[in-house]
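Colleague: Submitted below is the structure of interest, expressed as structure tokens.
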Amino acid sequence: MEGAAVRLLRGRALLRRNFPSCLSSWKTPPRALKSSQSEALLSITNDGLSCAPLQTFTDEEMMIKSTVKKFAQEQIAPLVSTMDENSKMETSVIQGLFQQGLMAVDIDTKYGGTGASFFSSVLVIEELAKVDASVAVLCDIQNTVTNELIRKHGTEEQKATYLTQLATEKIGSFCLSEAGAGSDPFALKTRADKKGNYYVINGSKMWISSAEYAGLFLVMANVDPTKGYKGITCFLVDRDTEGLHIGRAENKMGIRASSTCPVTFENVKVPEANILGHIGHGYKYAIGSLNKGRIGIAAQMLGLAQGCFDYTIPYLKERMQFGKRIFDFQGIQHQVAQVATQLEAVRLLTYNAARLLEAGRPFIKEASMAKYYASEVAGLTTSKCIEWMGGVGYTKDYPVEKYFRDAKIGTIYEGTSNIQLNTIAKHIDAEY
């Protein structure tokens, strides 16, 4: 036992702090993007119990993290400013995500997926968000929502058809929200009426992420409104289906390269074989996927905040005022220390929720905690970074103001901060 404890302590001592040394234009990839160095997973067994720090990874996870970091810096970073300005994702970036196997991280290899762990998906989203949150959310929704729904509830034929496409070439889009059904999805009005061996869908969806680029839509529609939410059913609808219309992309404050559009359905015929799972279970499926997806959004907000922090600290160490570095002023040091501590707390919350899910243990409360706190900390971190950099932080010549704009969505989508607090409180009430 003593020997195992010593090895654990020595393993923890391997963690290092690594900071970049200079400021660069945002079109040039930062030379370092993280403040906590991770090491390979320690596996220490004592009386059948395995124990390792949350920031230790398997060799596979380390390799994926390193690969994504390189891909993001070399192929995404030079395009971020242009994509943000044009509100459009570059085709080369989308193709690169598929080529790198990042659009089906934990999907079985027999369907063309990478076959890695869910935790690997979290690391992928985090690394992408350090460079561009828009690319990160595209990858996040594909991995934690659309792929997950089909993997968990699809028939073998549906998996063979759609998971293979989603892993290699096709973007999926999740259609739940409506004009009158945001935080209250019970209120959705989109209907699916049975006509022989197919259903006819009519209705409108709003705030649909990735709609502009999607080839497959997972549509929540009610087959029997008299049953309320128990009539909600999930349908797989191909983009080229007659009657499906994608509206103009929203002109958003942040994550501008991520497409967000209204989608309307006018007498859209969908074969009965395209029902995902069981009739009337759509709402349960949606909530289940969003619970998992919230860990992905926590990872996105963590990566975004860490990327902004990593970009800003070198400036504070080099900018001179009153004869010394800005970083040397105690007031700045205290603020930096507070933000760094909050970032570390977010990282641990996010990784813990992901590990709980992988272990098959209850994770819903922890996922809401991670998503809530990560979103709040991302807003605070990016705001502070602008203040620390002063005038240059407020200009579009550097990426800090974009991080700030991108951070705000974290408190809104995949469950607002208030919805997360409701979920956390509900679990606390049940626990006591």
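Residues are referred to by chain and number: the chain letter is A, B, ... according to the order shown in the structure tokens, the number counts from 1 in that chain, and ligands are numbered separately from 1 in the order shown.
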Would you please give, as a ChimeraX atom specification, all residues of range 167-405 of chain A that DSSP assigns to strand (DSSP E or B) based on the backbone?
Modeller: /A:171-175,178,181,191-195,198-209,214-222,232-238,244-246,260-271,275-276,320-321,324-325
Colleague: Any idea what's packed within 9 Å of range 328-333 of chain A, counting only C-alpha atoms, ignoring anything in its chain fewer than 3 positions away? Could you give it as a list in words?
Modeller: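 The residues satisfying every condition are Leu316, Lys317, Lys324, Arg325, Val336, Ala337, Gln338 and Trp388 of chain A.
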Colleague: Could you take the residues named above and write them with C-alpha atoms, as a PDB file, in the first residue's frame?
Modeller:
ATOM      1  CA  LEU A 316       0.749  40.537 -19.217  1.00  0.00           C
ATOM      2  CA  LYS A 317       4.289  39.184 -18.853  1.00  0.00           C
ATOM      3  CA  LYS A 324       7.542  46.854 -14.707  1.00  0.00           C
ATOM      4  CA  ARG A 325       5.486  44.088 -16.265  1.00  0.00           C
ATOM      5  CA  VAL A 336      -5.102  35.946 -12.605  1.00  0.00           C
ATOM      6  CA  ALA A 337      -4.865  33.522  -9.683  1.00  0.00           C
ATOM      7  CA  GLN A 338      -8.620  33.619  -9.139  1.00  0.00           C
ATOM      8  CA  TRP A 388      -6.122  42.846 -18.752  1.00  0.00           C
TER       9      TRP A 388
END
Colleague: Write out as a Markdown table the residues of range 330-402 of chain A that have any atom within 7 Å of an atom of range 283-303 of chain A, one row each with the nearest atom pair and its distance in Å to one decimal, counting only C-alpha atoms, sorted by chain and then rising number.
Modeller:
| residue | atom | partner | partner_atom | distance |
| --- | --- | --- | --- | --- |
| A:Val346 | CA | A:Leu302 | CA | 6.6 |
| A:Arg347 | CA | A:Leu302 | CA | 6.6 |
| A:Thr350 | CA | A:Ala298 | CA | 6.2 |
| A:Ala353 | CA | A:Ile295 | CA | 6.8 |
| A:Ala354 | CA | A:Ile295 | CA | 6.6 |
| A:Ile364 | CA | A:Asn291 | CA | 6.1 |
| A:Ala367 | CA | A:Ile295 | CA | 5.4 |
| A:Ser368 | CA | A:Arg294 | CA | 6.7 |
| A:Ala370 | CA | A:Ala298 | CA | 5.7 |
| A:Lys371 | CA | A:Ala298 | CA | 4.3 |
| A:Ala374 | CA | A:Ala298 | CA | 5.3 |
| A:Ser375 | CA | A:Met301 | CA | 5.8 |
| A:Ala378 | CA | A:Met301 | CA | 5.7 |
Colleague: Please, could you write that set of residues out with N, CA, C and O atoms as a PDB file, in the first residue's frame?
Modeller:
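So the final result, stored in out-v9.pdb, reads:
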ATOM      1  N   VAL A 346     -13.407  24.099 -13.147  1.00  0.00           N
ATOM      2  CA  VAL A 346     -14.228  23.712 -14.296  1.00  0.00           C
ATOM      3  C   VAL A 346     -13.687  22.443 -14.940  1.00  0.00           C
ATOM      4  O   VAL A 346     -14.438  21.529 -15.286  1.00  0.00           O
ATOM      5  N   ARG A 347     -12.375  22.382 -15.093  1.00  0.00           N
ATOM      6  CA  ARG A 347     -11.761  21.205 -15.705  1.00  0.00           C
ATOM      7  C   ARG A 347     -12.084  19.942 -14.901  1.00  0.00           C
ATOM      8  O   ARG A 347     -12.450  18.903 -15.453  1.00  0.00           O
ATOM      9  N   THR A 350     -15.798  18.986 -15.246  1.00  0.00           N
ATOM     10  CA  THR A 350     -16.090  18.432 -16.570  1.00  0.00           C
ATOM     11  C   THR A 350     -15.535  17.025 -16.718  1.00  0.00           C
ATOM     12  O   THR A 350     -16.234  16.093 -17.157  1.00  0.00           O
ATOM     13  N   ALA A 353     -17.534  14.506 -14.572  1.00  0.00           N
ATOM     14  CA  ALA A 353     -18.828  14.134 -15.153  1.00  0.00           C
ATOM     15  C   ALA A 353     -18.636  13.136 -16.290  1.00  0.00           C
ATOM     16  O   ALA A 353     -19.390  12.162 -16.414  1.00  0.00           O
ATOM     17  N   ALA A 354     -17.610  13.361 -17.118  1.00  0.00           N
ATOM     18  CA  ALA A 354     -17.348  12.449 -18.232  1.00  0.00           C
ATOM     19  C   ALA A 354     -16.935  11.060 -17.736  1.00  0.00           C
ATOM     20  O   ALA A 354     -17.386  10.037 -18.269  1.00  0.00           O
ATOM     21  N   ILE A 364     -26.068  12.950 -14.066  1.00  0.00           N
ATOM     22  CA  ILE A 364     -26.886  14.065 -14.540  1.00  0.00           C
ATOM     23  C   ILE A 364     -26.638  15.330 -13.717  1.00  0.00           C
ATOM     24  O   ILE A 364     -26.463  16.425 -14.278  1.00  0.00           O
ATOM     25  N   ALA A 367     -23.214  16.624 -14.565  1.00  0.00           N
ATOM     26  CA  ALA A 367     -23.172  17.216 -15.902  1.00  0.00           C
ATOM     27  C   ALA A 367     -23.744  18.631 -15.880  1.00  0.00           C
ATOM     28  O   ALA A 367     -23.200  19.542 -16.513  1.00  0.00           O
ATOM     29  N   SER A 368     -24.841  18.809 -15.152  1.00  0.00           N
ATOM     30  CA  SER A 368     -25.434  20.147 -15.040  1.00  0.00           C
ATOM     31  C   SER A 368     -24.515  21.103 -14.291  1.00  0.00           C
ATOM     32  O   SER A 368     -24.396  22.277 -14.651  1.00  0.00           O
ATOM     33  N   ALA A 370     -21.246  20.931 -14.203  1.00  0.00           N
ATOM     34  CA  ALA A 370     -20.133  21.253 -15.095  1.00  0.00           C
ATOM     35  C   ALA A 370     -20.550  22.252 -16.159  1.00  0.00           C
ATOM     36  O   ALA A 370     -19.840  23.232 -16.427  1.00  0.00           O
ATOM     37  N   LYS A 371     -21.697  22.030 -16.755  1.00  0.00           N
ATOM     38  CA  LYS A 371     -22.167  22.929 -17.818  1.00  0.00           C
ATOM     39  C   LYS A 371     -22.455  24.317 -17.268  1.00  0.00           C
ATOM     40  O   LYS A 371     -22.070  25.329 -17.861  1.00  0.00           O
ATOM     41  N   ALA A 374     -19.006  25.947 -16.023  1.00  0.00           N
ATOM     42  CA  ALA A 374     -18.115  26.222 -17.153  1.00  0.00           C
ATOM     43  C   ALA A 374     -18.588  27.442 -17.935  1.00  0.00           C
ATOM     44  O   ALA A 374     -17.777  28.281 -18.353  1.00  0.00           O
ATOM     45  N   SER A 375     -19.899  27.560 -18.126  1.00  0.00           N
ATOM     46  CA  SER A 375     -20.440  28.694 -18.863  1.00  0.00           C
ATOM     47  C   SER A 375     -20.226  30.007 -18.114  1.00  0.00           C
ATOM     48  O   SER A 375     -19.874  31.035 -18.713  1.00  0.00           O
ATOM     49  N   ALA A 378     -16.465  30.849 -18.199  1.00  0.00           N
ATOM     50  CA  ALA A 378     -16.036  31.283 -19.533  1.00  0.00           C
ATOM     51  C   ALA A 378     -16.365  32.756 -19.747  1.00  0.00           C
ATOM     52  O   ALA A 378     -15.549  33.521 -20.284  1.00  0.00           O
TER      53      ALA A 378
END
Colleague: Run DSSP on the backbone of this structure and report the residues of range 349-422 of chain A it assigns to alpha helix (DSSP H), as a PyMOL selection string.
Modeller: chain A and resi 349-358+364-389+400-407+417-422
Colleague: With a distance cut-off of 10 Å and only C-alpha atoms, select the neighbouring residues of range 203-212 of chain A, excluding the residue or stretch itself and same-chain residues fewer than 3 positions from it, and output the selection as a ChimeraX atom specification.
Modeller: /A:88-89,134,137-139,141-142,171-182,188-192,215-217,219-221,239,244-250,257-268,413
Colleague: What is the CA of Ile409 in chain A to CA of Thr67 in chain A distance in Å?
Modeller: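 Separation of CA of Ile409 in chain A and CA of Thr67 in chain A: 27.0 Å.
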Colleague: Between CA of Thr144 in chain A and CA of Ile412 in chain A, what distance in Å does the model show, to one decimal?
Modeller: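 Here the two named atoms are 17.5 Å from each other.
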Colleague: Which residue gives the smallest distance to Ile428 in chain A among A:Glu169, A:Glu157, A:Glu414, A:Glu366, with only C-alpha atoms counted?
Modeller: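 Between A:Glu169, A:Glu157, A:Glu414, A:Glu366, the residue approaching Ile428 in chain A most closely is A:Glu366.
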Colleague: Which polymer residues have any atom within 8 Å of an atom of range 398-401 of chain A, counting only C-alpha atoms, with same-chain residues fewer than 6 positions away left out, as a PyMOL selection string?
Modeller: chain A and resi 25-26+81+308+311-312+382+385-386+392
Colleague: Write the residues of the selection above to a file with all heavy atoms, as a tab-separated table (two decimals), in the first residue's frame.
Modeller:
chain	number	residue	atom	x	y	z
A	25	SER	N	-0.48	37.73	-33.49
A	25	SER	CA	-1.77	38.00	-34.11
A	25	SER	C	-2.62	36.76	-34.04
A	25	SER	O	-2.11	35.64	-34.06
A	25	SER	CB	-1.58	38.41	-35.58
A	25	SER	OG	-2.81	38.39	-36.25
A	26	TRP	N	-3.95	36.92	-33.98
A	26	TRP	CA	-4.81	35.75	-33.81
A	26	TRP	C	-4.81	34.87	-35.05
A	26	TRP	O	-5.28	33.75	-35.02
A	26	TRP	CB	-6.20	36.16	-33.41
A	26	TRP	CG	-7.08	36.71	-34.47
A	26	TRP	CD1	-6.73	37.36	-35.62
A	26	TRP	CD2	-8.50	36.62	-34.47
A	26	TRP	NE1	-7.85	37.69	-36.33
A	26	TRP	CE2	-8.95	37.26	-35.64
A	26	TRP	CE3	-9.44	36.08	-33.60
A	26	TRP	CZ2	-10.29	37.36	-35.96
A	26	TRP	CZ3	-10.77	36.20	-33.91
A	26	TRP	CH2	-11.18	36.84	-35.08
A	81	SER	N	-10.52	33.98	-38.07
A	81	SER	CA	-10.96	35.37	-38.26
A	81	SER	C	-11.88	35.50	-39.46
A	81	SER	O	-12.93	36.15	-39.40
A	81	SER	CB	-9.74	36.28	-38.43
A	81	SER	OG	-10.14	37.62	-38.68
A	308	CYS	N	-8.45	31.49	-24.29
A	308	CYS	CA	-8.38	32.93	-24.08
A	308	CYS	C	-7.35	33.28	-23.01
A	308	CYS	O	-6.54	34.21	-23.17
A	308	CYS	CB	-9.75	33.46	-23.69
A	308	CYS	SG	-9.89	35.26	-23.64
A	311	TYR	N	-3.82	32.83	-24.25
A	311	TYR	CA	-3.43	33.88	-25.18
A	311	TYR	C	-3.06	35.17	-24.46
A	311	TYR	O	-2.18	35.91	-24.90
A	311	TYR	CB	-4.58	34.14	-26.16
A	311	TYR	CG	-4.16	34.96	-27.35
A	311	TYR	CD1	-3.73	34.34	-28.53
A	311	TYR	CD2	-4.17	36.35	-27.31
A	311	TYR	CE1	-3.32	35.08	-29.62
A	311	TYR	CE2	-3.77	37.11	-28.40
A	311	TYR	CZ	-3.34	36.47	-29.56
A	311	TYR	OH	-2.93	37.21	-30.63
A	312	THR	N	-3.72	35.42	-23.34
A	312	THR	CA	-3.59	36.71	-22.66
A	312	THR	C	-2.39	36.78	-21.72
A	312	THR	O	-1.73	37.83	-21.62
A	312	THR	CB	-4.87	37.00	-21.85
A	312	THR	OG1	-6.00	36.95	-22.75
A	312	THR	CG2	-4.82	38.35	-21.18
A	382	THR	N	-13.17	35.46	-20.10
A	382	THR	CA	-12.99	36.24	-21.32
A	382	THR	C	-13.16	37.73	-21.07
A	382	THR	O	-12.46	38.54	-21.69
A	382	THR	CB	-13.97	35.76	-22.41
A	382	THR	OG1	-15.31	35.81	-21.90
A	382	THR	CG2	-13.66	34.33	-22.83
A	385	CYS	N	-9.93	38.90	-19.44
A	385	CYS	CA	-8.82	38.93	-20.39
A	385	CYS	C	-8.85	40.20	-21.24
A	385	CYS	O	-7.80	40.79	-21.53
A	385	CYS	CB	-8.86	37.69	-21.28
A	385	CYS	SG	-8.31	36.18	-20.44
A	386	ILE	N	-10.05	40.63	-21.62
A	386	ILE	CA	-10.16	41.90	-22.35
A	386	ILE	C	-9.67	43.05	-21.49
A	386	ILE	O	-8.91	43.92	-21.94
A	386	ILE	CB	-11.61	42.14	-22.80
A	386	ILE	CG1	-12.00	41.15	-23.90
A	386	ILE	CG2	-11.79	43.58	-23.31
A	386	ILE	CD1	-13.43	41.27	-24.37
A	392	VAL	N	-5.97	46.86	-26.89
A	392	VAL	CA	-5.79	45.85	-27.93
A	392	VAL	C	-6.74	44.68	-27.74
A	392	VAL	O	-7.16	44.04	-28.71
A	392	VAL	CB	-4.32	45.34	-27.98
A	392	VAL	CG1	-3.37	46.45	-28.35
A	392	VAL	CG2	-3.91	44.69	-26.67
Colleague: Between A:Ala72, A:Met63, A:Val105, A:Ile326, which has the minimum distance to Gly307 in chain A (counting only C-alpha atoms)?
Modeller: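 So, comparing all the options, the nearest one is A:Ala72.
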Colleague: Please provide the set of residues having any atom within 10 Å of Ala425 in chain A, restricted to only C-alpha atoms, with same-chain residues fewer than 6 positions apart removed, written as an MDAnalysis selection string.
Modeller: chainID A and resid 365 419 431
Colleague: List every residue of range 161-188 of chain A that has an atom at most 12 Å from any atom of range 90-102 of chain A, and for each one report the closest atom pair and its distance in Å to one decimal, counting only C-alpha atoms, with rows sorted by chain and then by increasing residue number, as a Markdown table.
Modeller:
| residue | atom | partner | partner_atom | distance |
| --- | --- | --- | --- | --- |
| A:Thr164 | CA | A:Phe98 | CA | 11.6 |
| A:Gln165 | CA | A:Phe98 | CA | 10.4 |
| A:Leu166 | CA | A:Phe98 | CA | 8.9 |
| A:Ala167 | CA | A:Phe98 | CA | 6.9 |
| A:Thr168 | CA | A:Phe98 | CA | 5.6 |
| A:Glu169 | CA | A:Phe98 | CA | 6.5 |
| A:Lys170 | CA | A:Phe98 | CA | 8.9 |
| A:Ile171 | CA | A:Ile94 | CA | 9.1 |
Colleague: Okay, now the selection with N, CA, C and O atoms, as an mmCIF file, in the first residue's frame?
Modeller:
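As a result, part.cif now contains:
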data_model
loop_
_atom_site.group_PDB
_atom_site.id
_atom_site.type_symbol
_atom_site.label_atom_id
_atom_site.label_comp_id
_atom_site.auth_asym_id
_atom_site.auth_seq_id
_atom_site.Cartn_x
_atom_site.Cartn_y
_atom_site.Cartn_z
ATOM 1 N N THR A 164 -22.654 5.210 -40.438
ATOM 2 C CA THR A 164 -21.566 5.160 -41.411
ATOM 3 C C THR A 164 -21.437 6.493 -42.140
ATOM 4 O O THR A 164 -20.328 7.005 -42.351
ATOM 5 N N GLN A 165 -22.575 7.075 -42.517
ATOM 6 C CA GLN A 165 -22.556 8.371 -43.199
ATOM 7 C C GLN A 165 -22.091 9.490 -42.268
ATOM 8 O O GLN A 165 -21.288 10.352 -42.658
ATOM 9 N N LEU A 166 -22.575 9.464 -41.024
ATOM 10 C CA LEU A 166 -22.207 10.510 -40.062
ATOM 11 C C LEU A 166 -20.733 10.430 -39.679
ATOM 12 O O LEU A 166 -20.129 11.434 -39.307
ATOM 13 N N ALA A 167 -20.158 9.254 -39.772
ATOM 14 C CA ALA A 167 -18.750 9.087 -39.421
ATOM 15 C C ALA A 167 -17.814 9.571 -40.521
ATOM 16 O O ALA A 167 -16.673 9.962 -40.251
ATOM 17 N N THR A 168 -18.300 9.567 -41.756
ATOM 18 C CA THR A 168 -17.392 9.794 -42.877
ATOM 19 C C THR A 168 -17.674 11.029 -43.727
ATOM 20 O O THR A 168 -16.760 11.576 -44.346
ATOM 21 N N GLU A 169 -18.940 11.477 -43.766
ATOM 22 C CA GLU A 169 -19.216 12.561 -44.719
ATOM 23 C C GLU A 169 -20.405 13.444 -44.379
ATOM 24 O O GLU A 169 -20.496 14.572 -44.882
ATOM 25 N N LYS A 170 -21.317 12.992 -43.582
ATOM 26 C CA LYS A 170 -22.588 13.701 -43.402
ATOM 27 C C LYS A 170 -22.702 14.308 -42.004
ATOM 28 O O LYS A 170 -22.444 13.646 -41.004
ATOM 29 N N ILE A 171 -23.132 15.568 -41.960
ATOM 30 C CA ILE A 171 -23.362 16.256 -40.688
ATOM 31 C C ILE A 171 -24.810 16.022 -40.259
ATOM 32 O O ILE A 171 -25.731 16.065 -41.081
#
Colleague: Which residue out of A:Asp140, A:Glu387, A:Asp310, A:Glu318 has the minimum interatomic distance to Ile125 in chain A when only C-alpha atoms are used?
Modeller: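 For Ile125 in chain A, the nearest of the candidates is A:Asp140.
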Colleague: Work out how far CA of Gln321 in chain A is from CA of Thr381 in chain A, in Å to one decimal.
Modeller: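 CA of Gln321 in chain A lies at a distance of 22.5 Å from CA of Thr381 in chain A.
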Colleague: I want to know what sits within 12 Å of Asp193 in chain A, based on only C-alpha atoms, with residues of the same chain fewer than 3 positions away left out; could you give that as a PyMOL selection string?
Modeller: chain A and resi 190+196-203+221-225+231-233+267-272
